[in-house]
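K.L.:
Got a structure for you, run-v8.txt, holding compact mmCIF, C-alpha atoms and all ligand atoms.
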```txt
# COMPACT_ATOMS: atom_id res chain seq x y z
CA MET A 1 -16.06 15.19 -34.91
CA SER A 2 -13.32 15.85 -32.40
CA GLN A 3 -10.76 13.13 -31.96
CA ARG A 4 -11.07 10.87 -28.96
CA PRO A 5 -8.34 11.26 -26.36
CA ARG A 6 -5.46 8.80 -26.60
CA ILE A 7 -4.47 6.98 -23.47
CA LEU A 8 -1.78 4.54 -22.48
CA ILE A 9 -2.55 1.83 -19.92
CA THR A 10 0.90 0.88 -18.69
CA CYS A 11 -0.07 -2.13 -16.60
CA ASP A 12 -1.76 -5.45 -17.17
CA THR A 13 -5.42 -5.04 -16.29
CA PHE A 14 -8.81 -6.79 -16.48
CA PRO A 15 -11.02 -6.87 -19.61
CA GLU A 16 -13.66 -4.74 -17.85
CA ILE A 17 -11.21 -1.85 -17.65
CA ILE A 18 -9.98 -2.25 -21.22
CA ASP A 19 -13.62 -2.35 -22.44
CA PHE A 20 -14.54 0.78 -20.49
CA ALA A 21 -11.44 2.57 -21.74
CA ARG A 22 -12.11 1.61 -25.37
CA GLU A 23 -15.61 3.11 -25.13
CA HIS A 24 -14.11 6.50 -24.38
CA PHE A 25 -10.54 6.62 -25.64
CA GLU A 26 -8.11 5.44 -28.26
CA VAL A 27 -6.27 2.93 -26.10
CA VAL A 28 -2.75 1.58 -26.18
CA ASP A 29 -2.54 -1.18 -23.61
CA ASN A 30 0.17 -3.38 -22.21
CA GLN A 31 -1.80 -6.61 -21.89
CA GLY A 32 0.37 -9.64 -21.35
CA GLN A 33 3.58 -7.64 -21.58
CA ALA A 34 6.28 -7.12 -19.02
CA GLN A 35 6.25 -3.78 -17.25
CA SER A 36 7.80 -1.06 -19.44
CA THR A 37 11.27 0.11 -18.60
CA PRO A 38 11.52 3.87 -17.98
CA ALA A 39 12.87 4.29 -21.54
CA GLN A 40 9.99 2.27 -23.02
CA LEU A 41 7.49 4.24 -20.97
CA ARG A 42 8.91 7.48 -22.30
CA GLU A 43 8.65 6.16 -25.84
CA ARG A 44 5.11 4.84 -25.42
CA LEU A 45 3.83 8.06 -23.88
CA GLN A 46 4.56 10.03 -27.05
CA GLY A 47 1.35 11.63 -28.33
CA MET A 48 -0.77 10.41 -25.41
CA ASP A 49 -3.33 12.63 -23.67
CA GLY A 50 -3.52 10.51 -20.56
CA VAL A 51 -1.94 7.59 -18.82
CA LEU A 52 -3.31 4.97 -16.44
CA VAL A 53 -0.54 3.57 -14.30
CA ALA A 54 0.04 1.08 -11.51
CA GLY A 55 2.10 2.03 -8.48
CA THR A 56 5.21 0.54 -10.05
CA ASP A 57 5.64 3.19 -12.80
CA ARG A 58 7.62 6.22 -11.73
CA ILE A 59 6.14 9.43 -13.14
CA ASP A 60 8.67 12.20 -12.67
CA ALA A 61 9.44 15.64 -14.05
CA ALA A 62 11.82 14.35 -16.75
CA LEU A 63 9.22 11.89 -18.05
CA LEU A 64 6.52 14.58 -18.08
CA ASP A 65 8.84 16.97 -19.93
CA ALA A 66 9.45 14.27 -22.52
CA SER A 67 5.68 13.73 -22.88
CA PRO A 68 4.27 17.23 -23.51
CA THR A 69 0.85 16.04 -24.73
CA VAL A 70 -0.02 14.29 -21.44
CA ARG A 71 -2.77 16.12 -19.56
CA ALA A 72 -3.80 13.56 -16.94
CA VAL A 73 -2.13 10.81 -14.93
CA SER A 74 -4.35 8.33 -13.16
CA ILE A 75 -2.97 5.76 -10.75
CA ALA A 76 -4.87 2.59 -9.90
CA ALA A 77 -3.73 2.71 -6.27
CA VAL A 78 -4.36 4.78 -3.19
CA GLY A 79 -0.68 5.56 -2.50
CA TYR A 80 0.77 7.94 -5.08
CA ASN A 81 4.35 8.37 -3.91
CA SER A 82 5.48 7.10 -7.35
CA ILE A 83 4.08 10.28 -8.97
CA ASP A 84 5.86 13.61 -8.61
CA ILE A 85 2.80 15.70 -7.75
CA ALA A 86 4.74 18.99 -7.63
CA ALA A 87 5.94 18.29 -11.19
CA CYS A 88 2.32 17.65 -12.26
CA ASN A 89 1.18 20.89 -10.60
CA GLU A 90 3.83 22.94 -12.40
CA ARG A 91 2.78 21.51 -15.76
CA GLY A 92 -0.99 21.75 -15.21
CA ILE A 93 -1.31 17.96 -15.33
CA LEU A 94 -4.15 16.35 -13.38
CA ALA A 95 -3.25 13.48 -11.05
CA SER A 96 -5.79 11.15 -9.49
CA ASN A 97 -5.83 7.98 -7.39
CA THR A 98 -8.36 5.42 -6.12
CA PRO A 99 -9.04 6.02 -2.42
CA GLY A 100 -11.81 4.35 -0.45
CA ILE A 101 -12.08 1.24 -2.63
CA LEU A 102 -9.38 -0.99 -1.21
CA ASP A 103 -9.66 -0.21 2.50
CA ASP A 104 -11.44 -3.38 3.56
CA THR A 105 -9.40 -5.65 1.30
CA THR A 106 -6.15 -4.15 2.59
CA ALA A 107 -7.32 -4.32 6.21
CA ASP A 108 -8.18 -8.00 5.63
CA LEU A 109 -4.59 -8.59 4.54
CA GLY A 110 -3.44 -6.64 7.59
CA PHE A 111 -5.23 -9.10 9.80
CA ALA A 112 -3.90 -12.02 7.79
CA LEU A 113 -0.36 -10.75 8.43
CA ILE A 114 -1.07 -10.08 12.10
CA LEU A 115 -2.36 -13.62 12.53
CA ALA A 116 0.28 -15.27 10.36
CA ALA A 117 3.19 -13.51 12.07
CA SER A 118 1.77 -13.96 15.59
CA ARG A 119 0.87 -17.63 15.12
CA ARG A 120 3.90 -18.54 12.97
CA ILE A 121 1.79 -19.73 10.05
CA GLY A 122 4.48 -19.42 7.36
CA GLU A 123 7.05 -21.11 9.54
CA GLY A 124 4.60 -23.92 10.35
CA GLU A 125 3.81 -24.48 6.72
CA ARG A 126 7.48 -24.64 5.75
CA TYR A 127 8.11 -27.08 8.63
CA LEU A 128 5.28 -29.38 7.57
CA ARG A 129 6.05 -29.30 3.84
CA ALA A 130 9.69 -30.10 4.58
CA GLY A 131 8.53 -33.36 6.22
CA ARG A 132 9.85 -32.30 9.61
CA TRP A 133 6.62 -32.95 11.58
CA LYS A 134 7.15 -36.33 13.26
CA ARG A 135 5.21 -36.16 16.53
CA TRP A 136 3.08 -33.96 18.77
CA GLU A 137 5.23 -31.63 20.81
CA ASN A 138 3.96 -29.46 23.61
CA ASP A 139 6.02 -26.47 22.61
CA LEU A 140 5.93 -26.85 18.85
CA LEU A 141 5.72 -23.45 17.17
CA LEU A 142 4.43 -21.57 20.17
CA GLY A 143 3.27 -18.15 19.08
CA GLN A 144 1.70 -14.99 20.41
CA ASP A 145 -1.98 -14.58 21.16
CA VAL A 146 -3.77 -12.00 19.08
CA HIS A 147 -7.05 -11.74 20.98
CA HIS A 148 -7.04 -9.26 23.87
CA ARG A 149 -3.61 -7.94 22.80
CA THR A 150 -3.23 -4.20 22.24
CA LEU A 151 -3.19 -3.20 18.59
CA GLY A 152 -1.21 -0.05 17.75
CA ILE A 153 -2.16 1.54 14.44
CA VAL A 154 0.16 4.13 12.91
CA GLY A 155 -1.89 6.16 10.42
CA MET A 156 -5.58 6.30 11.31
CA GLY A 157 -6.96 6.96 7.83
CA ARG A 158 -9.51 4.78 6.12
CA ILE A 159 -7.34 1.63 6.17
CA GLY A 160 -6.28 2.16 9.78
CA GLN A 161 -9.92 2.58 10.77
CA ALA A 162 -10.92 -0.58 8.89
CA LEU A 163 -8.21 -2.43 10.81
CA ALA A 164 -9.48 -0.99 14.11
CA ARG A 165 -13.00 -2.21 13.31
CA ARG A 166 -11.67 -5.73 12.78
CA ALA A 167 -9.75 -5.55 16.07
CA ARG A 168 -13.04 -5.28 17.95
CA GLY A 169 -13.89 -8.84 16.92
CA PHE A 170 -10.68 -10.00 18.59
CA ASP A 171 -11.41 -7.98 21.76
CA MET A 172 -8.25 -5.98 21.22
CA PRO A 173 -7.74 -2.59 22.84
CA VAL A 174 -6.71 -0.14 20.09
CA VAL A 175 -4.21 2.68 20.37
CA TYR A 176 -3.25 4.81 17.40
CA HIS A 177 -0.90 7.50 16.25
CA ASN A 178 -1.78 9.99 13.57
CA ARG A 179 -0.32 13.45 12.90
CA SER A 180 -3.62 14.89 14.07
CA ARG A 181 -6.13 13.14 16.24
CA VAL A 182 -9.19 11.83 14.42
CA ASP A 183 -12.63 13.15 15.39
CA ALA A 184 -13.70 12.30 18.91
CA ALA A 185 -16.76 10.53 17.44
CA ILE A 186 -14.48 8.21 15.42
CA GLU A 187 -12.23 7.59 18.43
CA GLN A 188 -15.30 6.72 20.42
CA ALA A 189 -16.83 4.47 17.75
CA LEU A 190 -13.54 2.57 17.36
CA ASP A 191 -12.71 2.74 21.05
CA ALA A 192 -9.26 3.94 19.99
CA ARG A 193 -6.88 6.04 22.07
CA TRP A 194 -4.30 8.44 20.56
CA LEU A 195 -0.70 8.02 21.71
CA ALA A 196 2.58 9.71 20.81
CA ILE A 197 4.47 7.45 18.45
CA ASP A 198 7.18 6.34 20.88
CA GLU A 199 4.55 5.58 23.50
CA LEU A 200 2.59 3.58 20.94
CA PHE A 201 5.61 1.43 20.08
CA ALA A 202 6.20 0.78 23.78
CA THR A 203 2.56 0.02 24.59
CA ALA A 204 1.26 -2.02 21.67
CA ASP A 205 1.62 -5.78 21.37
CA ILE A 206 1.07 -5.51 17.64
CA VAL A 207 2.11 -2.43 15.66
CA CYS A 208 0.69 -1.99 12.17
CA LEU A 209 1.73 0.76 9.73
CA CYS A 210 -1.14 2.18 7.66
CA LEU A 211 0.18 5.67 6.85
CA PRO A 212 1.01 7.17 3.45
CA TYR A 213 4.67 7.50 2.47
CA SER A 214 6.29 10.90 2.22
CA GLN A 215 9.87 12.07 2.69
CA ALA A 216 8.86 13.21 6.18
CA VAL A 217 8.30 9.59 7.27
CA HIS A 218 11.25 8.03 5.40
CA HIS A 219 12.77 5.42 7.76
CA LEU A 220 10.50 6.63 10.55
CA VAL A 221 10.61 3.12 11.99
CA GLY A 222 14.26 2.51 12.77
CA ALA A 223 16.39 1.27 15.62
CA ALA A 224 15.04 3.83 18.09
CA LEU A 225 11.35 2.97 17.74
CA LEU A 226 12.01 -0.76 17.37
CA ALA A 227 13.98 -0.67 20.64
CA ARG A 228 10.85 0.53 22.40
CA MET A 229 8.86 -2.55 21.39
CA LYS A 230 8.27 -5.50 23.69
CA PRO A 231 10.22 -8.72 22.95
CA THR A 232 6.84 -10.40 22.40
CA ALA A 233 5.64 -7.72 20.00
CA VAL A 234 4.72 -8.18 16.35
CA PHE A 235 5.32 -5.57 13.65
CA VAL A 236 3.25 -5.34 10.45
CA ASN A 237 3.76 -3.04 7.46
CA LEU A 238 0.82 -2.53 5.11
CA ALA A 239 1.93 0.94 4.01
CA ARG A 240 5.21 1.51 2.13
CA GLY A 241 8.61 -0.09 2.55
CA GLY A 242 10.46 3.22 2.69
CA ILE A 243 8.86 4.06 6.04
CA VAL A 244 10.95 1.31 7.65
CA ASP A 245 14.71 1.03 8.01
CA GLU A 246 14.82 -2.60 6.91
CA ASP A 247 18.33 -3.21 8.24
CA ALA A 248 17.19 -2.13 11.70
CA LEU A 249 14.12 -4.36 11.44
CA ILE A 250 16.23 -7.32 10.34
CA HIS A 251 18.55 -6.75 13.29
CA ALA A 252 15.61 -6.65 15.73
CA LEU A 253 14.08 -9.84 14.27
CA ARG A 254 17.38 -11.72 14.10
CA HIS A 255 18.17 -10.96 17.74
CA HIS A 256 14.58 -11.61 18.87
CA ALA A 257 14.28 -8.07 20.18
CA ILE A 258 10.74 -8.39 18.78
CA ALA A 259 8.87 -11.64 18.16
CA ALA A 260 7.88 -11.43 14.51
CA ALA A 261 6.99 -9.25 11.53
CA GLY A 262 4.50 -9.44 8.69
CA LEU A 263 5.40 -7.39 5.63
CA ASP A 264 3.52 -6.61 2.43
CA VAL A 265 5.81 -3.80 1.24
CA TYR A 266 9.57 -3.34 0.85
CA GLU A 267 11.84 -0.39 0.23
CA GLY A 268 13.37 -1.68 -3.00
CA GLU A 269 10.45 -3.84 -4.14
CA PRO A 270 10.26 -6.08 -6.04
CA ALA A 271 13.86 -6.58 -4.90
CA ILE A 272 13.93 -7.86 -1.34
CA ASN A 273 16.61 -7.12 1.21
CA PRO A 274 18.33 -10.55 1.39
CA GLY A 275 18.54 -10.27 5.17
CA LEU A 276 14.76 -10.67 5.35
CA LEU A 277 14.70 -13.86 3.35
CA ASP A 278 16.36 -16.11 5.88
CA LEU A 279 14.41 -14.89 8.88
CA ASP A 280 11.92 -17.50 10.03
CA ASN A 281 10.08 -14.93 12.13
CA ALA A 282 9.20 -12.73 9.14
CA VAL A 283 6.09 -13.41 7.06
CA LEU A 284 6.71 -11.90 3.63
CA VAL A 285 4.11 -11.37 0.90
CA PRO A 286 4.58 -9.51 -2.41
CA HIS A 287 2.56 -6.27 -2.07
CA ILE A 288 -0.86 -7.91 -2.35
CA GLY A 289 -2.81 -5.62 0.00
CA SER A 290 -5.50 -4.85 -2.58
CA ALA A 291 -5.16 -8.09 -4.53
CA THR A 292 -8.64 -9.52 -4.89
CA ARG A 293 -10.29 -9.54 -8.30
CA GLU A 294 -13.27 -7.48 -7.10
CA THR A 295 -11.11 -4.81 -5.59
CA ARG A 296 -8.60 -4.64 -8.44
CA VAL A 297 -11.46 -4.32 -10.99
CA ALA A 298 -13.04 -1.57 -8.91
CA MET A 299 -9.69 0.22 -8.66
CA GLY A 300 -9.07 -0.05 -12.41
CA LEU A 301 -12.54 1.25 -13.27
CA CYS A 302 -12.18 4.08 -10.79
CA ALA A 303 -8.83 5.04 -12.32
CA ALA A 304 -10.28 4.90 -15.85
CA ARG A 305 -13.25 7.07 -14.81
CA ASN A 306 -10.94 9.61 -13.22
CA LEU A 307 -9.08 9.78 -16.51
CA LYS A 308 -12.27 10.13 -18.55
CA VAL A 309 -13.60 13.02 -16.47
CA GLY A 310 -10.21 14.75 -16.41
CA LEU A 311 -9.64 14.44 -20.15
CA GLU A 312 -13.16 15.75 -20.82
CA GLY A 313 -12.32 18.94 -18.92
CA GLY A 314 -14.08 18.03 -15.67
CA VAL A 315 -12.81 17.56 -12.15
CA PRO A 316 -11.90 13.87 -11.63
CA PRO A 317 -13.73 12.51 -8.56
CA ASN A 318 -10.40 11.59 -6.95
CA LEU A 319 -8.30 14.52 -8.09
CA ILE A 320 -5.16 14.79 -5.96
CA ASN A 321 -3.96 18.17 -7.19
CA PRO A 322 -6.63 20.84 -7.75
CA GLN A 323 -3.66 23.26 -8.00
CA ALA A 324 -2.99 21.91 -11.50
CA MET A 325 -6.33 23.24 -12.74
CA ALA A 326 -5.42 26.74 -11.61
CA HIS A 327 -2.04 26.62 -13.36
CA PRO A 328 -1.64 28.55 -16.65
CA ALA A 329 -0.31 25.35 -18.26
CA TYR A 330 -3.57 23.48 -17.53
CA ARG A 331 -5.22 22.37 -20.78
CA ARG A 332 -8.90 21.62 -20.37
CA GLY A 333 -8.87 19.57 -23.55
C1 LIG B 401 -1.28 -0.06 -2.78
O1 LIG B 401 -0.24 -0.15 -2.20
C2 LIG B 401 -1.96 1.17 -3.03
O2 LIG B 401 -1.40 2.23 -2.73
O3 LIG B 401 -3.08 1.13 -3.56
```
Please re-express this file's structure in structure tokens.
Ligand code: GLV
P.N.:
Amino acid sequence: MSQRPRILITCDTFPEIIDFAREHFEVVDNQGQAQSTPAQLRERLQGMDGVLVAGTDRIDAALLDASPTVRAVSIAAVGYNSIDIAACNERGILASNTPGILDDTTADLGFALILAASRRIGEGERYLRAGRWKRWENDLLLGQDVHHRTLGIVGMGRIGQALARRARGFDMPVVYHNRSRVDAAIEQALDARWLAIDELFATADIVCLCLPYSQAVHHLVGAALLARMKPTAVFVNLARGGIVDEDALIHALRHHAIAAAGLDVYEGEPAINPGLLDLDNAVLVPHIGSATRETRVAMGLCAARNLKVGLEGGVPPNLINPQAMAHPAYRRG
């Protein structure tokens, strides 16, 4: 009988995923442990056929070179900027992610941030808990309306579209920017109008980032785009921290060049730019876009299934890099 593939699950996960994985693989897990350091990860990958990672593990060329038995990398996330895909391609290593599962959950958080930043929810809670609420005041914590305001979505993929659907319930006109326009039928269904990015920043009352990270969009949102925003505007980032020049955002928030921001992602996360921490007009949450049990279980199972199919010599349903299968180094298993 051929040996079952060996896999490493680098992140804490739910029993459903461990059970599924144990049905198909020899599993080394990381339950209850702190995240591995890069050196520990290198050590633990020795002899593994596959690895299931969270977005916090960096998978780069040096790590792959030090782990020559690894044939498949599966990330339980939609964004895969933590994996060097070119390095996987050159080594015939399959890479897969979990698209389509977390769109609604992430769009829900997008709306939570839009509402919290616009209506000063975090600030209000801190005020109340600090015992500062003594009497009714006409202008206490006045915020921005959300309903009927123009929502500007940067990145009209699945998450952007889920956000646009929610905007209809708030009677919000939707404008969007995407490298290429989405199908006319989608634009029509969402009642969404394409704008150039600088026009979007000038037009929208609420700007929300929903685009994937790549070097091409590193610090895309900096002083120039922020300067185009209205002083009443709200900025939300659901995508990746590296798309935003945080110092420029902090400057805009501190000087009330924009009204507020809601952030789920940070350039150096989990480290936070200290300048953000003392801004009352920033709502900050720790990268919880997909964080409901249902969604995280579905993501984990999807990632484990991708690994199973890939390690059995098939094409994982969410394969990112078909090029790897055509590479001479590809090992079907
Ligand atoms: C979360 O950020 C993801 O990419 O799934």
K.L.:
Using Å and a single decimal, report how far CA of His24 (chain A) sits from CA of Arg4 (chain A).
P.N.:
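Going from CA of Arg4 (chain A) over to CA of His24 (chain A) covers 7.0 Å.
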K.L.:
Determine the nearest neighbour of Leu263 (chain A) from the options A:Gly242, A:Gly300, A:Gly110, A:Gly55, counting all atoms listed in the file.
P.N.:
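The closest residue to Leu263 (chain A) is A:Gly110.
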K.L.:
Using all atoms listed in the file, what table do you get, as CSV, when you list each residue of chain A with an atom no more than 6 Å from ligand LIG 401 (chain B), its nearest pair of atoms, and their distance in Å rounded to one decimal, rows by chain then rising number?
P.N.:
```
residue,atom,partner,partner_atom,distance
A:Ala77,CA,B:LIG401,O3,3.2
A:Val78,CA,B:LIG401,O3,3.9
A:Gly79,CA,B:LIG401,O2,3.4
```
K.L.:
To one decimal in Å, tell me the separation between CA of Val28 (chain A) and CA of Val70 (chain A).
P.N.:
13.8 Å
K.L.:
Would you mind listing what lies within 8 Å of Val297 (chain A) as a VMD selection string, with all atoms listed in the file counted and same-chain residues fewer than 2 positions away left out?
P.N.:
chain A and resid 14 16 to 17 293 to 295 299 to 301
K.L.:
May I ask which of the residues A:Glu90, A:Asp12, A:Asp245, A:Asp171 is the closest one to Thr150 (chain A), counting only C-alpha atoms?
P.N.:
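Smallest distance to Thr150 (chain A) is found for A:Asp171.
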K.L.:
Tell me, in Å to one decimal, how far CA of Ala116 (chain A) is from CA of Ala167 (chain A).
P.N.:
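Between CA of Ala116 (chain A) and CA of Ala167 (chain A) the gap works out to 15.1 Å.
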K.L.:
With all atoms listed in the file as the basis for distance, which of A:Met325, A:Ala304, A:Ile114, A:Leu209 is at the shortest distance from Gln144 (chain A)?
P.N.:
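Among the listed residues, the smallest separation from Gln144 (chain A) belongs to A:Ile114.
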K.L.:
Between A:Leu94, A:Leu307, A:Leu45, A:Leu113, which is the closest to Gly262 (chain A) once you count only C-alpha atoms?
P.N.:
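Of the candidates, the smallest distance to Gly262 (chain A) is held by A:Leu113.
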K.L.:
Nearest residue to Leu163 (chain A) out of A:Ala130, A:Asp264, A:Ile206, A:Ala252, using only C-alpha atoms?
P.N.:
A:Ile206
K.L.:
When distances are computed from all atoms listed in the file, which of A:Lys308, A:Lys230, A:Arg181, A:Arg166 shows the smallest separation from Leu253 (chain A)?
P.N.:
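The closest residue to Leu253 (chain A) is A:Lys230.
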K.L.:
Could you name the residues that touch Ala95 (chain A) at 10 Å or less, counting only C-alpha atoms, but leaving out those on the same chain fewer than 6 positions away, as an mmCIF file with C-alpha atoms, keeping the file's coordinate frame?
P.N.:
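Output (around_14.cif):
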```
data_model
loop_
_atom_site.group_PDB
_atom_site.id
_atom_site.type_symbol
_atom_site.label_atom_id
_atom_site.label_comp_id
_atom_site.auth_asym_id
_atom_site.auth_seq_id
_atom_site.Cartn_x
_atom_site.Cartn_y
_atom_site.Cartn_z
ATOM 1 C CA GLY A 50 -3.520 10.510 -20.560
ATOM 2 C CA VAL A 51 -1.940 7.590 -18.820
ATOM 3 C CA ARG A 71 -2.770 16.120 -19.560
ATOM 4 C CA ALA A 72 -3.800 13.560 -16.940
ATOM 5 C CA VAL A 73 -2.130 10.810 -14.930
ATOM 6 C CA SER A 74 -4.350 8.330 -13.160
ATOM 7 C CA ILE A 75 -2.970 5.760 -10.750
ATOM 8 C CA TYR A 80 0.770 7.940 -5.080
ATOM 9 C CA ILE A 83 4.080 10.280 -8.970
ATOM 10 C CA ASP A 84 5.860 13.610 -8.610
ATOM 11 C CA ILE A 85 2.800 15.700 -7.750
ATOM 12 C CA CYS A 88 2.320 17.650 -12.260
ATOM 13 C CA ASN A 89 1.180 20.890 -10.600
ATOM 14 C CA ASN A 306 -10.940 9.610 -13.220
ATOM 15 C CA LEU A 307 -9.080 9.780 -16.510
ATOM 16 C CA GLY A 310 -10.210 14.750 -16.410
ATOM 17 C CA PRO A 316 -11.900 13.870 -11.630
ATOM 18 C CA ASN A 318 -10.400 11.590 -6.950
ATOM 19 C CA LEU A 319 -8.300 14.520 -8.090
ATOM 20 C CA ILE A 320 -5.160 14.790 -5.960
ATOM 21 C CA ASN A 321 -3.960 18.170 -7.190
ATOM 22 C CA PRO A 322 -6.630 20.840 -7.750
ATOM 23 C CA ALA A 324 -2.990 21.910 -11.500
#
```
